[in-house]
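To keep things clear, I will list the structure first and then write my remarks on it.
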Amino acid sequence: MRRQRLNVFRMRLLGAKVIGVKTGSRTLKDAISEAMRDWVTNVATTHYLLGSALGAHPYPLMVRDFHRVIGEETRRQLQAGEGRLPDAVIACVGGGSNAIGIFHPFLADSAVRLVGVEAGGRGPAPGDHAARFSGGSPGVLHGAHSYLLQNGDGQVSLTHSVSAGLDYALVGPEHSWLHDQRRAEYVSCNDEDALSAARQLSRTEGIIPALESAHAVAEAIRRAPGAAGQVFVVNLSGRGDKDVDIYRENFPELDRPEGDALG
Amino acid sequence: MTRIGNLFARLASRGEKGLIAYITAGDPHPDRTPSLVAALERGGADLVELGAPFSDPIADGPVIQAASDRALRAGTTLAKVLDIARRIRAGSEIPLLLFSYLNPLLRYGFEALARDAAAAGIDGCLLTDLSVEEADESVTVLRRAGLDTVFLGAPTSTPQRLAKVAQFSSGFVYVVSRAGVTGERESLSSAVAPLVEAMRGVTSLPLAVGFGISRPEHAAEVVRMADAVVVGSAFVRIVESAAGAASLETQLEGFARELKHAISRKET
């Protein structure tokens with residue numbers, strides 16, 4: 001809750017009761033477990049909503065269909081504005097709801113590269129990242145069978161990302177399908193590159209992206225030098241307002257009292 | 001017939017009810033579990049569920065979650081759980097049900113697990129998060145190895161789903177007493193009676209009721225309807241509070257005896 005302090009405050013402002021998780025590793029997976037336990041206990045009067053394309057069927061499918069709108073609009077607007085389809089669509093992947101939503105209307109367009117960006121965190125050591133495709137293997141968590149970060153005994157690994165929304169051991173199951181079909185490619189971006197991309201986008205475009213989306217921005221920046229004339233779509237799936245506390249911690253030079261020295 | 005099938009046949013022929021005790025394997029230490037199971041058996045447990053610890057036990061309440069954590073910290077792996085079963089089996093014929101989440105078994109390899117579990121003396125498997133919609137292949141593999149497969153029917157299950165639960169179960173069917181997770185409760189849920197009745201309508205297998213049952217009087221009430229009662233968190237709580245004590249085995253045995261006595265009392 002500390003990392004999400006601003007959002008916890010906003011939820012409370014809107015009237016929500018926010019309960020901290022005291023079990024397990026006290027991370028997102030434990031919060032999901034606790035939400036599911038509460039749900040099955042109070043199933044007659046409550047409903048379960050997980051903000052990603054995760055969980056048991058039919059939730060990943062429902063979430064994908066709701067998020068598809070962004071992909072459909074992207075496709076229509078690009079055709080209207082540019083008269084063509086994009087060369088690549090780039091989106092961050094935690095559970096991967098924004099990614100599956102924007103990828104889906106392009107699945108049949110085999111010339112459109114679909115690029116999912118996972119959290120590379122602090123580095124490739126176990127527990128330091130949430131890159132399920134490079135560091136994981138098929139497994140079951142919270143009702144879905146997908147690529148999972150786990151140890152040799154099938155216990156779920158801890159994960160790390162500067163971005164809370166990407167900090168989860170299982171990837172949304174449809175992404176595993178697209179990965180195994182080789183229809184989409186999955187890469188990772190570390191904390192430092194995501195932070196740096198967020199800063200660059202803020203300064204050059206005046207858009208402060210969510211830390212999650214900053215991972216996709218970083219991948220677009222990485223690919224840009226060799227891609228003159230190509231059209232990339234980057235899914236800016238979230239606003240950075242919620243991450244201002246973390247940006248402030250990571251860019252202390254912008255937060256000094258004397259402060260308007262540009263970093 | 002499996003040890004589980006034999007157990008229920010024997011209980012039925014004597015007009016008796018079964019006591020099923022759950023403990024988390026490896027809690028407080030893998031070396032201790034065989035002696036805890038022996039104590040439960042001395043106290044009158046008819047079948048023991050050996051819980052394989054998992055990092056994310058979504059069907060379990062705080063008591064078994066903590067036991068799972070302790071067992072994992074003590075180095076308990078699925079292979080060690082099988083090793084524990086082998087050591088129990090060396091000195092006992094008590095039926096053993098492996099209670100696990102799906103992922104450790106997938107990681108171990110389902111075929112290999114089925115073979116190794118049967119060889120270790122495990123009699124059946126209950127996989128909490130294996131839904132009946134996905135169960136076909138797993139059940140085939142487990143049954144081929146000679147293992148029973150036990151599935152859960154819940155108060156929220158539709159009649160169609162209860163029928164599937166029955167279809168994929170062998171040995172007995174596990175009836176979940178209430179919507180929710182494992183853990184001790186103050187009262188017995190009113191959902192039990194109608195659910196047992198609905199389950200009887202779709203299967204002739206014995207029925208065991210569990211989740212939330214910890215008191216002798218609740219156990220006694222349950223077996224007026226069902227063939228067996230499952231008690232878990234109450235045993236695990238004893239393990240938690242007496243883990244360092246030499247009297248742990250005596251305490252488990254004593255509580256098992258109390259429960260067994262309560263479900264053996266003839267109605268007057």
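Letters for chains follow the order of the structure tokens (A, B, ...), residue numbers begin at 1 for each chain, and ligand numbers begin at 1 in the order shown.
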
Residues within 6 Å of region 54-68 of chain A, only C-alpha atoms, excluding chain neighbours under 4 positions, as a count of residues only
8

Spatial neighbours of Val231 (chain B), max dist 9 Å, only C-alpha atoms, sep filter under 4 positions, as a PyMOL selection string:
chain B and resi 19-22+184+209-215+219+235+259

Pull C-alpha atoms from the residues just selected and write them as a tab-separated table (two decimals), in the first residue's frame.
```tsv
chain	number	residue	atom	x	y	z
B	19	LEU	CA	-13.00	-39.35	10.73
B	20	ILE	CA	-10.76	-37.75	8.13
B	21	ALA	CA	-7.90	-35.68	9.51
B	22	TYR	CA	-5.99	-33.10	7.46
B	184	GLU	CA	-12.66	-23.13	12.08
B	209	VAL	CA	-18.17	-33.09	4.71
B	210	GLY	CA	-15.41	-30.61	5.45
B	211	PHE	CA	-14.38	-26.90	5.53
B	212	GLY	CA	-15.11	-25.07	8.74
B	213	ILE	CA	-15.69	-28.08	11.00
B	214	SER	CA	-13.60	-28.13	14.15
B	215	ARG	CA	-15.80	-29.03	17.09
B	219	ALA	CA	-18.72	-33.35	13.64
B	235	PHE	CA	-5.55	-30.17	13.95
B	259	LEU	CA	-13.81	-36.27	17.57
```

Pull out every residue of chain B that has at least one atom within 12 Å of chain A, counting only C-alpha atoms, and report them as a short mmCIF file (atom, residue, chain, number, x, y, z; two decimals) with N, CA and C atoms, in the first residue's frame.
```
data_model
loop_
_atom_site.label_atom_id
_atom_site.label_comp_id
_atom_site.auth_asym_id
_atom_site.auth_seq_id
_atom_site.Cartn_x
_atom_site.Cartn_y
_atom_site.Cartn_z
N ALA B 52 -0.07 -30.93 0.62
CA ALA B 52 1.22 -30.51 0.05
C ALA B 52 1.28 -28.99 0.12
N PRO B 53 2.30 -28.43 0.75
CA PRO B 53 2.33 -26.98 0.89
C PRO B 53 2.47 -26.27 -0.46
N PHE B 54 1.81 -25.12 -0.58
CA PHE B 54 1.88 -24.34 -1.81
C PHE B 54 2.01 -22.87 -1.44
N SER B 55 2.73 -22.14 -2.28
CA SER B 55 3.00 -20.72 -2.01
C SER B 55 1.74 -19.87 -2.03
N ASP B 56 0.71 -20.29 -2.77
CA ASP B 56 -0.48 -19.46 -2.95
C ASP B 56 -1.77 -20.26 -2.73
N PRO B 57 -2.01 -20.67 -1.48
CA PRO B 57 -3.15 -21.56 -1.21
C PRO B 57 -4.48 -20.83 -1.15
N ILE B 58 -5.08 -20.57 -2.32
CA ILE B 58 -6.25 -19.69 -2.36
C ILE B 58 -7.50 -20.28 -1.72
N ALA B 59 -7.55 -21.61 -1.54
CA ALA B 59 -8.75 -22.19 -0.92
C ALA B 59 -8.62 -22.28 0.59
N ASP B 60 -7.48 -21.85 1.12
CA ASP B 60 -7.25 -22.03 2.54
C ASP B 60 -7.32 -20.74 3.34
N GLY B 61 -7.82 -20.88 4.55
CA GLY B 61 -7.87 -19.78 5.50
C GLY B 61 -6.51 -19.59 6.16
N PRO B 62 -6.44 -18.63 7.11
CA PRO B 62 -5.15 -18.24 7.70
C PRO B 62 -4.38 -19.37 8.39
N VAL B 63 -5.08 -20.31 9.03
CA VAL B 63 -4.39 -21.36 9.78
C VAL B 63 -3.58 -22.26 8.83
N ILE B 64 -4.22 -22.71 7.77
CA ILE B 64 -3.51 -23.61 6.85
C ILE B 64 -2.54 -22.83 5.96
N GLN B 65 -2.85 -21.57 5.67
CA GLN B 65 -1.86 -20.73 4.96
C GLN B 65 -0.56 -20.66 5.75
N ALA B 66 -0.68 -20.44 7.06
CA ALA B 66 0.53 -20.33 7.89
C ALA B 66 1.26 -21.66 7.95
N ALA B 67 0.50 -22.76 8.00
CA ALA B 67 1.12 -24.09 8.03
C ALA B 67 1.90 -24.33 6.74
N SER B 68 1.30 -23.89 5.63
CA SER B 68 1.94 -24.03 4.33
C SER B 68 3.27 -23.27 4.29
N ASP B 69 3.24 -22.06 4.82
CA ASP B 69 4.46 -21.25 4.92
C ASP B 69 5.53 -21.96 5.76
N ARG B 70 5.11 -22.48 6.91
CA ARG B 70 6.09 -23.16 7.78
C ARG B 70 6.68 -24.38 7.08
N LEU B 72 6.96 -24.94 3.87
CA LEU B 72 7.86 -24.53 2.78
C LEU B 72 9.20 -24.06 3.35
N ARG B 73 9.12 -23.31 4.43
CA ARG B 73 10.38 -22.83 5.05
C ARG B 73 11.20 -23.99 5.60
N GLY B 75 11.60 -26.61 4.07
CA GLY B 75 12.18 -27.29 2.92
C GLY B 75 11.31 -28.39 2.32
N THR B 76 10.00 -28.33 2.58
CA THR B 76 9.11 -29.38 2.07
C THR B 76 8.82 -29.18 0.58
N THR B 77 9.15 -30.18 -0.21
CA THR B 77 8.82 -30.18 -1.64
C THR B 77 7.81 -31.31 -1.86
N LEU B 78 7.27 -31.37 -3.08
CA LEU B 78 6.33 -32.45 -3.37
C LEU B 78 7.05 -33.80 -3.25
N ALA B 79 8.30 -33.85 -3.70
CA ALA B 79 9.07 -35.10 -3.57
C ALA B 79 9.21 -35.51 -2.10
N LYS B 80 9.38 -34.51 -1.23
CA LYS B 80 9.48 -34.83 0.20
C LYS B 80 8.15 -35.30 0.77
N VAL B 81 7.05 -34.76 0.23
CA VAL B 81 5.74 -35.21 0.69
C VAL B 81 5.57 -36.69 0.35
N SER B 100 -3.65 -31.29 -2.65
CA SER B 100 -2.67 -30.35 -3.21
C SER B 100 -3.33 -29.37 -4.18
N TYR B 101 -2.63 -28.28 -4.40
CA TYR B 101 -2.96 -27.40 -5.51
C TYR B 101 -2.31 -27.99 -6.75
N LEU B 102 -2.81 -27.60 -7.90
CA LEU B 102 -2.43 -28.24 -9.15
C LEU B 102 -0.98 -27.99 -9.54
N ASN B 103 -0.50 -26.75 -9.33
CA ASN B 103 0.77 -26.38 -9.95
C ASN B 103 1.98 -27.25 -9.55
N PRO B 104 2.16 -27.57 -8.27
CA PRO B 104 3.31 -28.43 -7.94
C PRO B 104 3.28 -29.77 -8.69
N LEU B 105 2.08 -30.31 -8.93
CA LEU B 105 1.98 -31.58 -9.64
C LEU B 105 2.32 -31.42 -11.12
N LEU B 106 1.87 -30.31 -11.69
CA LEU B 106 2.19 -30.04 -13.10
C LEU B 106 3.70 -29.92 -13.26
N ARG B 107 4.32 -29.24 -12.32
CA ARG B 107 5.75 -29.02 -12.38
C ARG B 107 6.51 -30.34 -12.22
N TYR B 108 6.02 -31.19 -11.34
CA TYR B 108 6.63 -32.50 -11.10
C TYR B 108 6.46 -33.37 -12.35
N GLY B 109 5.37 -33.15 -13.05
CA GLY B 109 5.00 -34.00 -14.19
C GLY B 109 3.89 -34.93 -13.75
N THR B 128 -7.37 -29.19 -5.26
CA THR B 128 -8.37 -28.16 -4.96
C THR B 128 -8.69 -27.27 -6.13
N ASP B 129 -7.69 -26.89 -6.91
CA ASP B 129 -7.95 -25.93 -7.98
C ASP B 129 -7.98 -26.58 -9.36
N LEU B 130 -8.23 -27.87 -9.40
CA LEU B 130 -8.47 -28.52 -10.69
C LEU B 130 -9.97 -28.55 -10.90
N SER B 131 -10.47 -27.74 -11.84
CA SER B 131 -11.92 -27.67 -12.04
C SER B 131 -12.36 -28.88 -12.85
N GLU B 133 -14.16 -29.07 -15.31
CA GLU B 133 -14.13 -28.81 -16.75
C GLU B 133 -12.79 -29.21 -17.37
N GLU B 134 -11.75 -29.19 -16.55
CA GLU B 134 -10.40 -29.46 -17.07
C GLU B 134 -9.86 -30.81 -16.57
N ALA B 154 -19.68 -27.92 -3.83
CA ALA B 154 -19.87 -26.77 -2.94
C ALA B 154 -21.32 -26.32 -2.95
N PRO B 155 -21.70 -25.53 -1.92
CA PRO B 155 -23.09 -25.03 -1.89
C PRO B 155 -23.45 -24.21 -3.12
N THR B 156 -22.44 -23.64 -3.79
CA THR B 156 -22.70 -22.83 -4.97
C THR B 156 -22.74 -23.65 -6.25
N SER B 157 -22.42 -24.94 -6.17
CA SER B 157 -22.38 -25.77 -7.39
C SER B 157 -23.79 -25.99 -7.93
N VAL B 176 -18.20 -29.57 0.44
CA VAL B 176 -17.74 -28.35 1.11
C VAL B 176 -18.91 -27.75 1.88
N SER B 177 -18.73 -27.61 3.19
CA SER B 177 -19.87 -27.29 4.06
C SER B 177 -20.42 -25.89 3.85
N ARG B 178 -19.59 -24.99 3.35
CA ARG B 178 -20.06 -23.60 3.23
C ARG B 178 -19.27 -22.91 2.13
N ALA B 179 -19.82 -21.82 1.63
CA ALA B 179 -19.07 -21.00 0.68
C ALA B 179 -17.92 -20.37 1.45
N GLY B 180 -16.72 -20.50 0.92
CA GLY B 180 -15.59 -19.89 1.61
C GLY B 180 -14.37 -20.78 1.63
N VAL B 181 -13.43 -20.43 2.50
CA VAL B 181 -12.16 -21.13 2.56
C VAL B 181 -12.10 -22.00 3.82
N THR B 182 -11.03 -22.78 3.96
CA THR B 182 -10.89 -23.64 5.13
C THR B 182 -10.69 -22.79 6.39
N GLY B 183 -11.07 -23.37 7.52
CA GLY B 183 -10.88 -22.65 8.78
C GLY B 183 -12.00 -22.96 9.77
N PHE B 211 -14.49 -28.37 5.57
CA PHE B 211 -14.38 -26.90 5.53
C PHE B 211 -15.16 -26.33 6.71
N GLY B 212 -14.46 -25.80 7.66
CA GLY B 212 -15.11 -25.07 8.74
C GLY B 212 -15.57 -25.94 9.91
#
```

Using only C-alpha atoms, pick whichever of A:Gly226, A:Gly238, A:Gly136, A:Gly123 has the shortest atom-to-atom distance to Ala99 (chain A).
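Closest candidate: A:Gly238.
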
One decimal, Å: what's the distance from CA of Ala90 (chain B) over to CA of Ala118 (chain B), could you say?
13.6 Å

Write out as a PyMOL selection string each polymer residue whose atoms come within 9 Å of Leu207 (chain B), counting only C-alpha atoms; drop sequence neighbours fewer than 4 positions from it.
chain B and resi 172-175+196+199-200+225-229

Filtering to C-alpha atoms, could you give me those residues as a PDB file, in the first residue's frame?
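Once written, again15.pdb looks like this:
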```pdb
ATOM      1  CA  PHE B 172     -15.598 -40.630  -1.846  1.00  0.00           C
ATOM      2  CA  VAL B 173     -16.916 -37.179  -2.712  1.00  0.00           C
ATOM      3  CA  TYR B 174     -15.867 -34.174  -0.644  1.00  0.00           C
ATOM      4  CA  VAL B 175     -18.765 -31.922   0.275  1.00  0.00           C
ATOM      5  CA  VAL B 196     -25.634 -33.642   1.069  1.00  0.00           C
ATOM      6  CA  MET B 199     -25.144 -35.000  -3.759  1.00  0.00           C
ATOM      7  CA  ARG B 200     -26.882 -38.241  -2.743  1.00  0.00           C
ATOM      8  CA  MET B 225     -26.155 -36.841   7.225  1.00  0.00           C
ATOM      9  CA  ALA B 226     -22.785 -37.776   5.766  1.00  0.00           C
ATOM     10  CA  ASP B 227     -20.508 -40.814   5.874  1.00  0.00           C
ATOM     11  CA  ALA B 228     -17.462 -38.997   7.178  1.00  0.00           C
ATOM     12  CA  VAL B 229     -16.307 -35.672   8.489  1.00  0.00           C
TER      13      VAL B 229
END
```

I want to know what sits within 10 Å of Met1 (chain B), based on only C-alpha atoms, with residues of the same chain fewer than 4 positions away left out; could you give that as a list in words?
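So, after excluding close chain neighbours, the residues are Gly5, Asn6, Leu7, Ala9, Gly146, Asp148 and Gly171 of chain B.
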
Pick from A:Ser161, A:Asp87, A:Met11, A:Arg132, whichever lies nearest to Ala228 (chain A) using only C-alpha atoms
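Smallest separation from Ala228 (chain A) among the options: A:Asp87.
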
Residues within 7 Å of region 244-258 of chain B, only C-alpha atoms, excluding chain neighbours under 2 positions, as a VMD selection string:
chain B and resid 36 39 to 40 42 to 45 216 235 238 to 239 242 260 to 262

Selection from above, C-alpha atoms, as a tab-separated table (two decimals), in the first residue's frame, can you write it?
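Output below, filename again32.tsv:
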```tsv
chain	number	residue	atom	x	y	z
B	36	LEU	CA	1.96	-36.93	13.72
B	39	ALA	CA	-0.74	-40.13	16.52
B	40	LEU	CA	-3.86	-39.25	14.50
B	42	ARG	CA	-3.96	-43.95	17.31
B	43	GLY	CA	-6.62	-41.37	18.16
B	44	GLY	CA	-9.01	-42.96	15.69
B	45	ALA	CA	-8.56	-41.09	12.41
B	216	PRO	CA	-16.89	-32.49	18.22
B	235	PHE	CA	-5.55	-30.17	13.95
B	238	ILE	CA	-2.59	-27.82	17.50
B	239	VAL	CA	0.51	-28.39	15.38
B	242	ALA	CA	2.54	-27.23	20.20
B	260	LYS	CA	-14.00	-40.00	16.91
B	261	HIS	CA	-15.91	-40.47	20.13
B	262	ALA	CA	-18.37	-37.74	19.15
```
